[in-house]
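Okay, run.cif is below, mmCIF, C-alpha atoms:
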data_my_file
#
loop_
_atom_site.label_atom_id
_atom_site.label_comp_id
_atom_site.auth_asym_id
_atom_site.auth_seq_id
_atom_site.Cartn_x
_atom_site.Cartn_y
_atom_site.Cartn_z
CA MET A 1 0.00 0.00 0.00
CA GLY A 2 2.74 2.17 1.07
CA GLY A 3 4.50 1.44 -2.16
CA GLY A 4 1.30 1.99 -4.04
CA GLY A 5 0.71 5.14 -2.12
CA GLY A 6 4.25 6.09 -2.78
CA GLY A 7 3.72 5.35 -6.41
CA LEU A 8 0.61 7.41 -6.45
CA ALA A 9 2.31 10.21 -4.65
CA ALA A 10 5.37 9.94 -6.84
CA ALA A 11 3.44 10.07 -10.07
CA PRO A 12 2.28 13.67 -9.76
CA LYS A 13 5.76 14.59 -8.52
CA VAL A 14 7.29 13.23 -11.66
CA LYS A 15 4.65 14.96 -13.74
CA ARG A 16 5.27 18.22 -12.01
CA GLY A 17 8.98 17.73 -12.28
CA SER A 18 8.85 16.92 -15.96
CA PHE A 19 6.56 19.86 -16.54
CA ALA A 20 9.01 22.15 -14.77
CA THR A 21 11.97 20.96 -16.81
CA VAL A 22 10.10 21.56 -20.04
CA ARG A 23 9.40 25.10 -18.93
CA LYS A 24 13.00 25.69 -17.93
CA LYS A 25 14.22 24.44 -21.29
CA LYS A 26 11.82 26.75 -23.06
CA LYS A 27 13.63 29.84 -21.70
CA ARG A 28 15.11 31.68 -24.74
CA VAL A 29 18.88 31.80 -24.84
CA GLY A 30 19.06 34.17 -27.82
CA PHE A 31 16.78 35.39 -30.52
CA VAL A 32 17.01 35.23 -34.25
CA LEU A 33 16.77 38.41 -36.25
CA ASP A 34 16.78 38.36 -40.01
CA MET A 35 19.80 40.50 -40.87
CA THR A 36 19.57 40.09 -44.63
CA PRO A 37 18.12 43.56 -45.44
CA LEU A 38 20.61 45.21 -43.10
CA VAL A 39 23.50 43.47 -44.77
CA ASP A 40 22.11 44.31 -48.20
CA ILE A 41 21.99 48.01 -47.43
CA ALA A 42 25.41 47.91 -45.77
CA PHE A 43 26.98 46.39 -48.84
CA LEU A 44 25.16 48.79 -51.12
CA LEU A 45 26.57 51.76 -49.20
CA LEU A 46 29.96 50.12 -49.03
CA THR A 47 30.18 49.70 -52.78
CA PHE A 48 28.95 53.25 -53.30
CA PHE A 49 31.59 54.78 -51.07
CA MET A 50 34.27 52.52 -52.43
CA LEU A 51 33.58 53.53 -55.99
CA SER A 52 33.08 57.21 -55.30
CA THR A 53 36.28 57.83 -53.34
CA THR A 54 39.57 58.54 -55.01
CA LEU A 55 42.37 57.37 -52.82
CA THR A 56 45.13 59.20 -54.67
CA THR A 57 45.27 62.76 -53.41
CA PRO A 58 47.30 65.17 -55.49
CA GLN A 59 50.75 66.19 -54.34
CA THR A 60 52.50 69.48 -54.70
CA MET A 61 55.90 70.59 -55.87
CA GLU A 62 56.97 73.81 -54.27
CA MET A 63 58.56 76.44 -56.48
CA SER A 64 59.62 79.98 -55.97
CA VAL A 65 60.49 82.75 -58.35
CA PRO A 66 62.77 85.60 -57.31
CA PRO A 67 61.07 88.97 -56.85
CA GLU A 68 61.33 91.38 -59.78
CA THR A 69 64.05 93.64 -58.46
CA GLU A 70 66.61 90.97 -57.73
CA ASN A 71 69.64 90.82 -60.00
CA VAL A 72 72.39 88.47 -59.02
CA GLU A 73 75.92 88.39 -60.39
CA VAL A 74 77.04 84.90 -61.18
CA LYS A 75 80.45 83.44 -61.74
CA GLN A 76 80.43 81.69 -65.09
CA SER A 77 82.49 78.77 -63.90
CA GLU A 78 79.85 77.95 -61.30
CA LEU A 79 77.00 77.95 -63.73
CA LEU A 80 75.40 74.85 -65.15
CA THR A 81 72.91 75.64 -67.84
CA VAL A 82 70.28 73.16 -68.90
CA LEU A 83 68.36 74.04 -72.03
CA VAL A 84 65.21 72.49 -73.37
CA ARG A 85 64.56 72.93 -77.05
CA ASP A 86 61.15 73.22 -78.76
CA ASP A 87 61.03 69.49 -79.50
CA GLY A 88 61.80 68.59 -75.89
CA GLN A 89 65.44 67.67 -76.47
CA ILE A 90 67.62 68.56 -73.49
CA PHE A 91 71.08 70.16 -73.71
CA LYS A 92 73.59 71.25 -71.11
CA PHE A 93 76.73 73.29 -70.87
CA ILE A 94 78.99 74.35 -68.02
CA GLY A 95 80.23 77.89 -67.78
CA ASP A 96 80.62 79.73 -71.04
CA LYS A 97 79.01 78.23 -74.08
CA LYS A 98 81.79 79.46 -76.37
CA THR A 99 84.40 77.30 -74.70
CA ASN A 100 82.00 74.57 -73.68
CA PRO A 101 79.47 74.07 -76.45
CA PRO A 102 76.07 72.65 -75.46
CA GLU A 103 75.82 68.87 -75.40
CA LYS A 104 72.81 66.65 -75.73
CA VAL A 105 71.66 64.90 -72.54
CA ASN A 106 68.92 62.40 -71.87
CA LEU A 107 66.32 63.00 -69.20
CA LYS A 108 67.60 59.89 -67.39
CA ASP A 109 71.10 61.35 -67.09
CA ILE A 110 69.96 64.65 -65.58
CA ARG A 111 69.90 63.20 -62.08
CA ALA A 112 73.50 61.96 -62.24
CA LEU A 113 74.61 65.18 -63.90
CA SER A 114 73.12 67.32 -61.16
CA VAL A 115 74.61 65.14 -58.41
CA ASN A 116 78.08 65.07 -59.97
CA GLU A 117 78.27 68.77 -60.73
CA ASN A 118 76.96 69.72 -57.30
CA MET A 119 79.48 67.47 -55.59
CA ARG A 120 82.29 68.92 -57.68
CA LEU A 121 81.44 72.48 -56.75
CA GLU A 122 79.98 71.78 -53.30
CA ASN A 123 77.07 74.17 -52.79
CA LYS A 124 78.40 76.77 -55.18
CA LEU A 125 76.79 75.47 -58.32
CA ILE A 126 74.01 77.52 -59.80
CA LEU A 127 71.62 75.71 -62.03
CA SER A 128 70.02 77.71 -64.75
CA LEU A 129 67.11 76.13 -66.54
CA ARG A 130 66.12 77.65 -69.83
CA ILE A 131 63.00 76.13 -71.19
CA SER A 132 61.39 76.73 -74.54
CA ASN A 133 57.81 77.89 -74.19
CA LYS A 134 56.61 75.34 -76.73
CA VAL A 135 57.48 72.33 -74.60
CA PRO A 136 54.55 70.59 -72.88
CA TYR A 137 54.27 71.39 -69.18
CA GLY A 138 54.40 67.72 -68.23
CA MET A 139 57.89 67.45 -69.64
CA VAL A 140 59.06 70.41 -67.55
CA ILE A 141 57.69 68.77 -64.42
CA ASN A 142 59.47 65.53 -65.31
CA LEU A 143 62.72 67.45 -65.56
CA LEU A 144 62.11 69.28 -62.27
CA ASP A 145 61.23 65.97 -60.66
CA GLU A 146 64.56 64.47 -61.70
CA LEU A 147 66.32 67.48 -60.21
CA ASN A 148 64.32 67.13 -57.00
CA ILE A 149 65.28 63.48 -56.71
CA ALA A 150 68.92 64.47 -57.25
CA GLU A 151 68.47 67.12 -54.57
CA THR A 152 67.79 64.56 -51.83
CA GLU A 153 70.98 62.71 -52.72
CA ILE A 154 73.03 65.92 -52.80
CA THR A 155 71.65 66.98 -49.43
CA GLN A 156 72.52 63.59 -47.98
CA ARG A 157 76.07 63.62 -49.31
CA LEU A 158 76.67 67.16 -48.14
CA THR A 159 75.38 66.52 -44.63
CA VAL A 160 77.83 63.63 -44.40
CA LYS A 161 80.53 66.20 -45.14
CA GLY A 162 79.04 68.54 -42.54
CA MET A 163 77.65 71.10 -44.95
CA LYS A 164 74.21 72.55 -45.22
CA ARG A 165 72.69 72.40 -48.64
CA GLU A 166 71.76 75.69 -50.27
CA ARG A 167 70.03 75.27 -53.52
CA LYS A 168 70.60 77.86 -56.20
CA PHE A 169 68.29 77.55 -59.04
CA ALA A 170 66.84 79.76 -61.75
CA LEU A 171 64.09 79.16 -64.23
CA THR A 172 64.31 81.39 -67.27
CA PRO A 173 62.88 81.38 -70.78
CA LEU A 174 64.88 80.15 -73.73
CA THR A 175 66.22 83.11 -75.69
CA ASP A 176 66.32 83.43 -79.46
CA GLU A 177 70.09 83.25 -79.24
CA ASP A 178 69.87 79.89 -77.48
CA LYS A 179 67.42 78.67 -80.06
CA ALA A 180 69.84 79.55 -82.84
CA ASP A 181 72.67 77.78 -81.02
CA LEU A 182 70.69 74.61 -80.55
CA LYS A 183 69.16 74.52 -83.98
CA ASP A 184 71.67 72.24 -85.63
CA LEU A 185 72.57 70.05 -82.66
CA MET B 1 11.06 7.62 -49.30
CA SER B 2 12.76 8.42 -46.06
CA LYS B 3 15.98 9.18 -47.93
CA ILE B 4 14.30 11.81 -50.07
CA LYS B 5 12.80 13.45 -47.00
CA LYS B 6 16.28 13.71 -45.44
CA LYS B 7 17.54 16.19 -48.11
CA ARG B 8 18.65 19.48 -46.55
CA VAL B 9 16.45 22.42 -47.29
CA GLY B 10 18.97 25.07 -46.19
CA PHE B 11 22.07 25.46 -44.13
CA VAL B 12 23.15 27.97 -41.55
CA LEU B 13 26.27 30.07 -42.05
CA ASP B 14 27.54 32.43 -39.40
CA MET B 15 27.68 35.77 -41.15
CA THR B 16 28.77 37.81 -38.13
CA PRO B 17 32.49 38.27 -39.08
CA LEU B 18 31.52 39.11 -42.64
CA VAL B 19 29.09 41.76 -41.47
CA ASP B 20 31.67 43.09 -39.01
CA ILE B 21 34.25 43.60 -41.72
CA ALA B 22 31.67 45.02 -44.11
CA PHE B 23 30.67 47.66 -41.58
CA LEU B 24 34.28 48.41 -40.75
CA LEU B 25 35.03 49.07 -44.41
CA LEU B 26 31.81 51.02 -44.77
CA THR B 27 32.67 53.38 -41.95
CA PHE B 28 36.22 53.76 -43.27
CA PHE B 29 35.07 54.74 -46.73
CA MET B 30 32.36 56.97 -45.33
CA PHE B 31 34.83 58.96 -43.28
CA THR B 32 37.44 59.22 -45.98
CA ALA B 33 34.98 60.13 -48.73
CA LYS B 34 35.19 63.66 -49.99
CA PHE B 35 32.54 65.09 -52.14
CA LYS B 36 32.98 67.41 -55.04
CA SER B 37 33.16 71.04 -54.06
CA ASP B 38 31.31 73.83 -55.86
CA THR B 39 34.47 74.64 -57.74
CA GLU B 40 34.73 71.21 -59.24
CA ASN B 41 31.06 71.18 -60.11
CA GLU B 42 31.39 74.22 -62.31
CA GLN B 43 34.45 73.07 -64.15
CA LYS B 44 34.06 71.81 -67.66
CA PHE B 45 37.45 70.27 -68.14
CA GLN B 46 39.44 67.38 -66.81
CA ILE B 47 43.01 68.00 -65.79
CA GLN B 48 45.62 65.38 -66.55
CA ARG B 49 48.19 66.25 -63.95
CA PRO B 50 51.87 65.73 -64.54
CA ARG B 51 53.46 62.92 -62.58
CA ALA B 52 56.26 63.50 -60.10
CA SER B 53 57.66 61.01 -57.64
CA ALA B 54 59.77 63.25 -55.41
CA ASP B 55 56.90 65.33 -54.05
CA THR B 56 55.46 64.52 -50.68
CA SER B 57 53.56 67.58 -49.50
CA LYS B 58 49.82 67.77 -49.89
CA VAL B 59 47.73 70.55 -51.33
CA PRO B 60 46.67 72.86 -48.50
CA GLU B 61 42.93 73.03 -47.94
CA LYS B 62 42.59 76.38 -46.24
CA ASP B 63 43.57 79.77 -47.65
CA LEU B 64 44.27 78.40 -51.06
CA ALA B 65 44.18 80.26 -54.33
CA MET B 66 44.06 77.75 -57.12
CA ILE B 67 45.00 78.62 -60.66
CA LYS B 68 44.04 75.90 -63.04
CA ILE B 69 45.15 75.69 -66.61
CA GLY B 70 42.80 73.37 -68.38
CA ILE B 71 41.93 72.35 -71.88
CA ASP B 72 38.21 72.57 -72.48
CA THR B 73 36.85 69.19 -73.53
CA VAL B 74 34.36 70.67 -76.00
CA THR B 75 36.07 73.64 -77.59
CA ASN B 76 39.64 72.40 -77.03
CA ASP B 77 40.95 75.82 -76.01
CA THR B 78 43.21 76.53 -73.09
CA ALA B 79 42.44 79.10 -70.41
CA TYR B 80 43.26 80.02 -66.84
CA TYR B 81 40.66 79.19 -64.22
CA TYR B 82 40.90 81.04 -60.94
CA SER B 83 39.27 79.98 -57.70
CA LEU B 84 39.62 80.64 -53.99
CA SER B 85 38.91 78.09 -51.31
CA ASN B 86 37.70 80.64 -48.83
CA GLU B 87 34.19 81.94 -49.52
CA GLN B 88 34.67 85.24 -47.72
CA ASP B 89 37.85 86.06 -49.59
CA ARG B 90 36.16 85.04 -52.79
CA LYS B 91 33.42 87.62 -52.27
CA VAL B 92 35.90 90.37 -51.49
CA VAL B 93 38.22 89.61 -54.38
CA TYR B 94 35.62 88.94 -57.06
CA ASN B 95 33.68 92.08 -56.22
CA SER B 96 36.68 94.36 -56.05
CA ASP B 97 36.56 97.48 -58.27
CA LYS B 98 40.13 96.92 -59.33
CA VAL B 99 39.29 93.68 -61.05
CA GLN B 100 37.53 94.08 -64.36
CA LEU B 101 34.87 91.45 -64.53
CA SER B 102 31.34 91.24 -65.82
CA ASP B 103 28.58 91.17 -63.21
CA GLU B 104 27.74 87.66 -64.26
CA ALA B 105 31.30 86.49 -63.69
CA ARG B 106 31.41 87.98 -60.21
CA GLN B 107 28.72 85.54 -59.10
CA LYS B 108 30.66 82.49 -60.18
CA VAL B 109 32.83 80.27 -58.03
CA ILE B 110 35.42 79.55 -60.66
CA LEU B 111 36.52 82.33 -62.96
CA LYS B 112 37.65 81.77 -66.49
CA VAL B 113 40.42 84.25 -67.17
CA THR B 114 41.95 84.81 -70.57
CA ASP B 115 43.44 88.25 -69.99
CA LEU B 116 46.69 88.32 -68.04
CA LYS B 117 45.93 91.83 -66.78
CA VAL B 118 42.77 90.56 -65.10
CA LEU B 119 44.70 87.67 -63.62
CA GLU B 120 47.29 90.05 -62.22
CA ALA B 121 44.59 92.21 -60.65
CA LEU B 122 42.98 89.11 -59.15
CA LEU B 123 46.25 87.92 -57.68
CA LYS B 124 47.02 91.34 -56.23
CA GLN B 125 43.57 91.64 -54.66
CA THR B 126 43.90 88.13 -53.26
CA ARG B 127 47.19 89.02 -51.63
CA MET B 128 45.60 92.12 -50.16
CA ALA B 129 42.54 90.29 -48.89
CA ASN B 130 44.46 87.52 -47.17
CA LEU B 131 48.19 87.49 -46.60
CA ARG B 132 48.28 83.85 -45.59
CA MET B 133 46.99 82.81 -48.98
CA LYS B 134 48.92 80.05 -50.68
CA PHE B 135 49.00 79.69 -54.42
CA ALA B 136 48.78 76.48 -56.34
CA ILE B 137 49.07 75.89 -60.05
CA ASP B 138 47.14 72.93 -61.32
CA ALA B 139 47.87 72.58 -64.99
CA ASP B 140 47.28 69.94 -67.57
CA ARG B 141 50.49 68.20 -68.58
CA ARG B 142 49.69 68.74 -72.26
CA VAL B 143 49.58 72.54 -72.20
CA GLN B 144 52.50 74.45 -73.61
CA TYR B 145 55.03 75.76 -71.12
CA LYS B 146 54.24 79.27 -72.37
CA TRP B 147 51.10 79.23 -70.19
CA ILE B 148 53.10 78.50 -67.07
CA GLU B 149 55.76 81.02 -67.97
CA ASP B 150 53.23 83.81 -68.48
CA LEU B 151 51.54 82.87 -65.23
CA THR B 152 54.73 82.82 -63.19
CA ASN B 153 55.64 86.23 -64.61
CA VAL B 154 52.28 87.60 -63.53
CA MET B 155 52.72 86.02 -60.10
CA ARG B 156 56.12 87.61 -59.77
CA LEU B 157 54.55 91.00 -60.55
CA SER B 158 51.90 90.42 -57.89
CA ASN B 159 54.53 89.43 -55.33
CA ALA B 160 53.25 85.90 -55.08
CA THR B 161 56.70 84.41 -55.44
CA VAL B 162 56.13 81.10 -53.71
CA PHE B 163 53.69 78.66 -55.20
CA ASN B 164 53.01 74.98 -55.66
CA PHE B 165 52.69 72.87 -58.75
CA VAL B 166 50.02 70.25 -58.27
CA THR B 167 51.20 66.83 -59.39
CA ASP B 168 50.08 63.24 -59.24
CA ARG B 169 51.96 60.28 -57.97
CA PRO B 170 53.05 57.96 -60.74
CA SER B 171 50.93 54.83 -60.84
#

Do you think you could lay out the structure here as structure tokens?
Amino acid sequence: MGGGGGGLAAAPKVKRGSFATVRKKKKRVGFVLDMTPLVDIAFLLLTFFMLSTTLTTPQTMEMSVPPETENVEVKQSELLTVLVRDDGQIFKFIGDKKTNPPEKVNLKDIRALSVNENMRLENKLILSLRISNKVPYGMVINLLDELNIAETEITQRLTVKGMKRERKFALTPLTDEDKADLKDL
Amino acid sequence: MSKIKKKRVGFVLDMTPLVDIAFLLLTFFMFTAKFKSDTENEQKFQIQRPRASADTSKVPEKDLAMIKIGIDTVTNDTAYYYSLSNEQDRKVVYNSDKVQLSDEARQKVILKVTDLKVLEALLKQTRMANLRMKFAIDADRRVQYKWIEDLTNVMRLSNATVFNFVTDRPS
């Protein structure tokens, strides 16, 4: 009887217990949210911003021109003249063009030329650039870029020697006389 | 029968990392994005900048006077285009009596200048209006050097002796 009673008493207990465990298991651990539209919009915006941005920002090359009044006397032996003819051909001469006639140079050799001449005359060299006004601007920038690259090397080499680099540089138009000189070269 | 019923209808893939990265990139591009300014909206030409590898400095954003030399895509003619980044300075300079401009031109953001005298007056007024003004020349690499030479001469006359050439990094 006791067992039966126990069985009877136990039966509801088990029922209750089982009921309770079902309820406990039903407690939500997380919830599911459909993220598809969110992700769609996110990717749409992402592609839009990716395509609309330009990552390459323009750079600048600093230049300066001397004020109008300035007139500097230059020693001819310290002068390196680089000339650019109408067709873009580059020439150079050192000092006086009568004793040192202009020679053809390639754009690639400008860097080495500038470094060598500057090291020979350590800070005294004056570079005079005479550019024909018919040359495309891009070509002029390429030439200036080569000189700027050379400049970093010159500065480095001079600091090793304990000197401070002073750049002397002039940008002037190509004269008719120069044009006549370069015509047959 | 039971085998056919066992076929998977869908599968679950954890998209959380993907969405994380997507949002990271999204915010990055959103913050770095720059939209076209008024100046660029008015311009009818595309500038092919010259390439230079030695330059490292960036174009200043404030107090900038930009002189563009562009080739018009339709008419194929070259002209100077003048613009100022600062709206207040722009009003002062464009409306100055010393600059000869049509009333219509004074309302514009970007000025097309073909006369060097006008350009000189503009540069002088700009220098007067704001001494901290920096000058930048943004020219197409195909234009003849004559345009740059004329411009630098005018700048020298207006005492704007330091300026920047805008270039692009070689790709």

Requested in this report: Name the residues in contact with Leu51 of chain A at a cut-off of 12 Å, using all atoms listed in the file, excluding same-chain residues fewer than 3 positions from it; report them as a PyMOL selection string.
Outcome: (chain A and resi 44-48+54-55) or (chain B and resi 26+29-30+33-34)

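Between chain B and the residues A:Ala180, A:Val115, A:Ile41, A:Ile154, the shortest atom-to-atom distance, using only C-alpha atoms, involves A:Ile41.
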
Discussion item. Please check the contacts: residues of chain A at most 6 Å away from chain B, using only C-alpha atoms, listed as a ChimeraX atom specification.
Written reply: /A:46,49,53,58-65,67,133-138,145,149

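You can rank A:Lys108, A:Lys75, A:Lys92, A:Lys179 by their closest distance to Leu125 of chain A using all atoms listed in the file, and at the top of that list sits A:Lys75.
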
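Separating atom CA of Ile131 of chain A from atom CA of Leu83 of chain A is a distance of 5.8 Å.
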
Under the PyMOL selection byres ((chain A and resi 91) around 9), which residues of this model are included? Write them out as an mmCIF file with C-alpha atoms, in the frame of the given file.
data_model
loop_
_atom_site.group_PDB
_atom_site.id
_atom_site.type_symbol
_atom_site.label_atom_id
_atom_site.label_comp_id
_atom_site.auth_asym_id
_atom_site.auth_seq_id
_atom_site.Cartn_x
_atom_site.Cartn_y
_atom_site.Cartn_z
ATOM 1 C CA THR A 81 72.910 75.640 -67.840
ATOM 2 C CA VAL A 82 70.280 73.160 -68.900
ATOM 3 C CA LEU A 83 68.360 74.040 -72.030
ATOM 4 C CA VAL A 84 65.210 72.490 -73.370
ATOM 5 C CA ARG A 85 64.560 72.930 -77.050
ATOM 6 C CA GLN A 89 65.440 67.670 -76.470
ATOM 7 C CA ILE A 90 67.620 68.560 -73.490
ATOM 8 C CA LYS A 92 73.590 71.250 -71.110
ATOM 9 C CA PHE A 93 76.730 73.290 -70.870
ATOM 10 C CA PRO A 102 76.070 72.650 -75.460
ATOM 11 C CA GLU A 103 75.820 68.870 -75.400
ATOM 12 C CA LYS A 104 72.810 66.650 -75.730
ATOM 13 C CA VAL A 105 71.660 64.900 -72.540
ATOM 14 C CA ASN A 106 68.920 62.400 -71.870
ATOM 15 C CA LEU A 182 70.690 74.610 -80.550
#

Requested in this report: Would you kindly return, as a ChimeraX atom specification, each protein, DNA or RNA residue with an atom no farther than 6 Å from any atom of segment 96-113 of chain B, considering all atoms listed in the file and excluding same-chain residues fewer than 6 positions away?
Outcome: /B:39,80-83,121

Q.
Please list, as a PyMOL selection string, the residues that have an atom at most 6 Å away from (43.6, 70.7, -70.7) in the coordinates of this file, counting all atoms listed in the file.
A. chain B and resi 47+70-72+140

Dump of C-alpha atoms for the selected residues, as a compact mmCIF listing (two decimals), in the coordinates of the input:
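Full text of out24.txt as output:
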# COMPACT_ATOMS: atom_id res chain seq x y z
CA ILE B 47 43.01 68.00 -65.79
CA GLY B 70 42.80 73.37 -68.38
CA ILE B 71 41.93 72.35 -71.88
CA ASP B 72 38.21 72.57 -72.48
CA ASP B 140 47.28 69.94 -67.57

For the file shown, report as a CSV table (one decimal) with C-alpha atoms, keeping the file's coordinate frame the outcome of the PyMOL selection byres ((chain A and resi 165-176) around 6) at residue level.
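Final output, expr.csv:
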chain,number,residue,atom,x,y,z
A,126,ILE,CA,74.0,77.5,-59.8
A,127,LEU,CA,71.6,75.7,-62.0
A,128,SER,CA,70.0,77.7,-64.8
A,129,LEU,CA,67.1,76.1,-66.5
A,130,ARG,CA,66.1,77.6,-69.8
A,131,ILE,CA,63.0,76.1,-71.2
A,132,SER,CA,61.4,76.7,-74.5
A,155,THR,CA,71.6,67.0,-49.4
A,164,LYS,CA,74.2,72.6,-45.2
A,177,GLU,CA,70.1,83.2,-79.2
A,178,ASP,CA,69.9,79.9,-77.5
A,179,LYS,CA,67.4,78.7,-80.1

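Among the candidates A:Thr159, A:Ser52, A:Thr57, A:Gln76, the residue lying nearest to Asn123 of chain A is A:Thr159 (atoms considered: all atoms listed in the file).
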
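The space between atom CA of Leu143 of chain A and atom CA of Pro170 of chain B spans 14.4 Å.
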
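Atom CA of Ala65 of chain B is found 6.0 Å from atom CA of Lys134 of chain B.
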
All residues 6 Å or closer to segment 122-133 of chain B, all atoms listed in the file, same chain fewer than 2 positions away omitted, as JSON, numbers by chain:
{"B": [63, 64, 93, 119, 120, 158]}

Using all atoms listed in the file, determine which residues lie at most 8 Å from Lys124 of chain A, disregarding the query and same-chain residues fewer than 3 positions distant; provide the list as a ChimeraX atom specification.
-> /A:78,118,121,168

Just add N, CA and C atoms to segment 124-142 of chain A and send it as a PDB file, keeping the file's coordinate frame.
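Below is the file that was written, out_16.pdb:
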ATOM      1  N   LYS A 124      78.219  75.507 -54.458  1.00  0.00           N
ATOM      2  CA  LYS A 124      78.400  76.770 -55.180  1.00  0.00           C
ATOM      3  C   LYS A 124      77.684  76.762 -56.519  1.00  0.00           C
ATOM      4  N   LEU A 125      77.370  75.589 -56.985  1.00  0.00           N
ATOM      5  CA  LEU A 125      76.790  75.470 -58.320  1.00  0.00           C
ATOM      6  C   LEU A 125      75.434  76.169 -58.430  1.00  0.00           C
ATOM      7  N   ILE A 126      75.295  76.906 -59.522  1.00  0.00           N
ATOM      8  CA  ILE A 126      74.010  77.520 -59.800  1.00  0.00           C
ATOM      9  C   ILE A 126      73.440  76.861 -61.046  1.00  0.00           C
ATOM     10  N   LEU A 127      72.246  76.391 -60.910  1.00  0.00           N
ATOM     11  CA  LEU A 127      71.620  75.710 -62.030  1.00  0.00           C
ATOM     12  C   LEU A 127      70.662  76.674 -62.717  1.00  0.00           C
ATOM     13  N   SER A 128      70.907  76.842 -63.996  1.00  0.00           N
ATOM     14  CA  SER A 128      70.020  77.710 -64.750  1.00  0.00           C
ATOM     15  C   SER A 128      69.246  76.857 -65.755  1.00  0.00           C
ATOM     16  N   LEU A 129      67.953  76.916 -65.653  1.00  0.00           N
ATOM     17  CA  LEU A 129      67.110  76.130 -66.540  1.00  0.00           C
ATOM     18  C   LEU A 129      66.489  77.063 -67.556  1.00  0.00           C
ATOM     19  N   ARG A 130      66.746  76.813 -68.802  1.00  0.00           N
ATOM     20  CA  ARG A 130      66.120  77.650 -69.830  1.00  0.00           C
ATOM     21  C   ARG A 130      65.216  76.763 -70.674  1.00  0.00           C
ATOM     22  N   ILE A 131      63.956  77.031 -70.567  1.00  0.00           N
ATOM     23  CA  ILE A 131      63.000  76.130 -71.190  1.00  0.00           C
ATOM     24  C   ILE A 131      62.224  76.839 -72.289  1.00  0.00           C
ATOM     25  N   SER A 132      62.167  76.190 -73.423  1.00  0.00           N
ATOM     26  CA  SER A 132      61.390  76.730 -74.540  1.00  0.00           C
ATOM     27  C   SER A 132      59.911  76.769 -74.158  1.00  0.00           C
ATOM     28  N   ASN A 133      59.222  77.809 -74.604  1.00  0.00           N
ATOM     29  CA  ASN A 133      57.810  77.890 -74.190  1.00  0.00           C
ATOM     30  C   ASN A 133      56.890  77.037 -75.049  1.00  0.00           C
ATOM     31  N   LYS A 134      57.463  76.226 -75.922  1.00  0.00           N
ATOM     32  CA  LYS A 134      56.610  75.340 -76.730  1.00  0.00           C
ATOM     33  C   LYS A 134      56.582  73.912 -76.180  1.00  0.00           C
ATOM     34  N   VAL A 135      57.400  73.667 -75.195  1.00  0.00           N
ATOM     35  CA  VAL A 135      57.480  72.330 -74.600  1.00  0.00           C
ATOM     36  C   VAL A 135      56.226  72.074 -73.756  1.00  0.00           C
ATOM     37  N   PRO A 136      55.685  70.852 -73.769  1.00  0.00           N
ATOM     38  CA  PRO A 136      54.550  70.590 -72.880  1.00  0.00           C
ATOM     39  C   PRO A 136      54.960  70.676 -71.405  1.00  0.00           C
ATOM     40  N   TYR A 137      54.036  71.166 -70.595  1.00  0.00           N
ATOM     41  CA  TYR A 137      54.270  71.390 -69.180  1.00  0.00           C
ATOM     42  C   TYR A 137      54.677  70.102 -68.453  1.00  0.00           C
ATOM     43  N   GLY A 138      54.095  68.996 -68.869  1.00  0.00           N
ATOM     44  CA  GLY A 138      54.400  67.720 -68.230  1.00  0.00           C
ATOM     45  C   GLY A 138      55.874  67.369 -68.315  1.00  0.00           C
ATOM     46  N   MET A 139      56.477  67.724 -69.448  1.00  0.00           N
ATOM     47  CA  MET A 139      57.890  67.450 -69.640  1.00  0.00           C
ATOM     48  C   MET A 139      58.749  68.290 -68.686  1.00  0.00           C
ATOM     49  N   VAL A 140      58.332  69.524 -68.470  1.00  0.00           N
ATOM     50  CA  VAL A 140      59.060  70.410 -67.550  1.00  0.00           C
ATOM     51  C   VAL A 140      59.012  69.843 -66.138  1.00  0.00           C
ATOM     52  N   ILE A 141      57.827  69.347 -65.757  1.00  0.00           N
ATOM     53  CA  ILE A 141      57.690  68.770 -64.420  1.00  0.00           C
ATOM     54  C   ILE A 141      58.552  67.522 -64.282  1.00  0.00           C
ATOM     55  N   ASN A 142      58.621  66.714 -65.349  1.00  0.00           N
ATOM     56  CA  ASN A 142      59.470  65.530 -65.310  1.00  0.00           C
ATOM     57  C   ASN A 142      60.928  65.907 -65.052  1.00  0.00           C
TER      58      ASN A 142
END
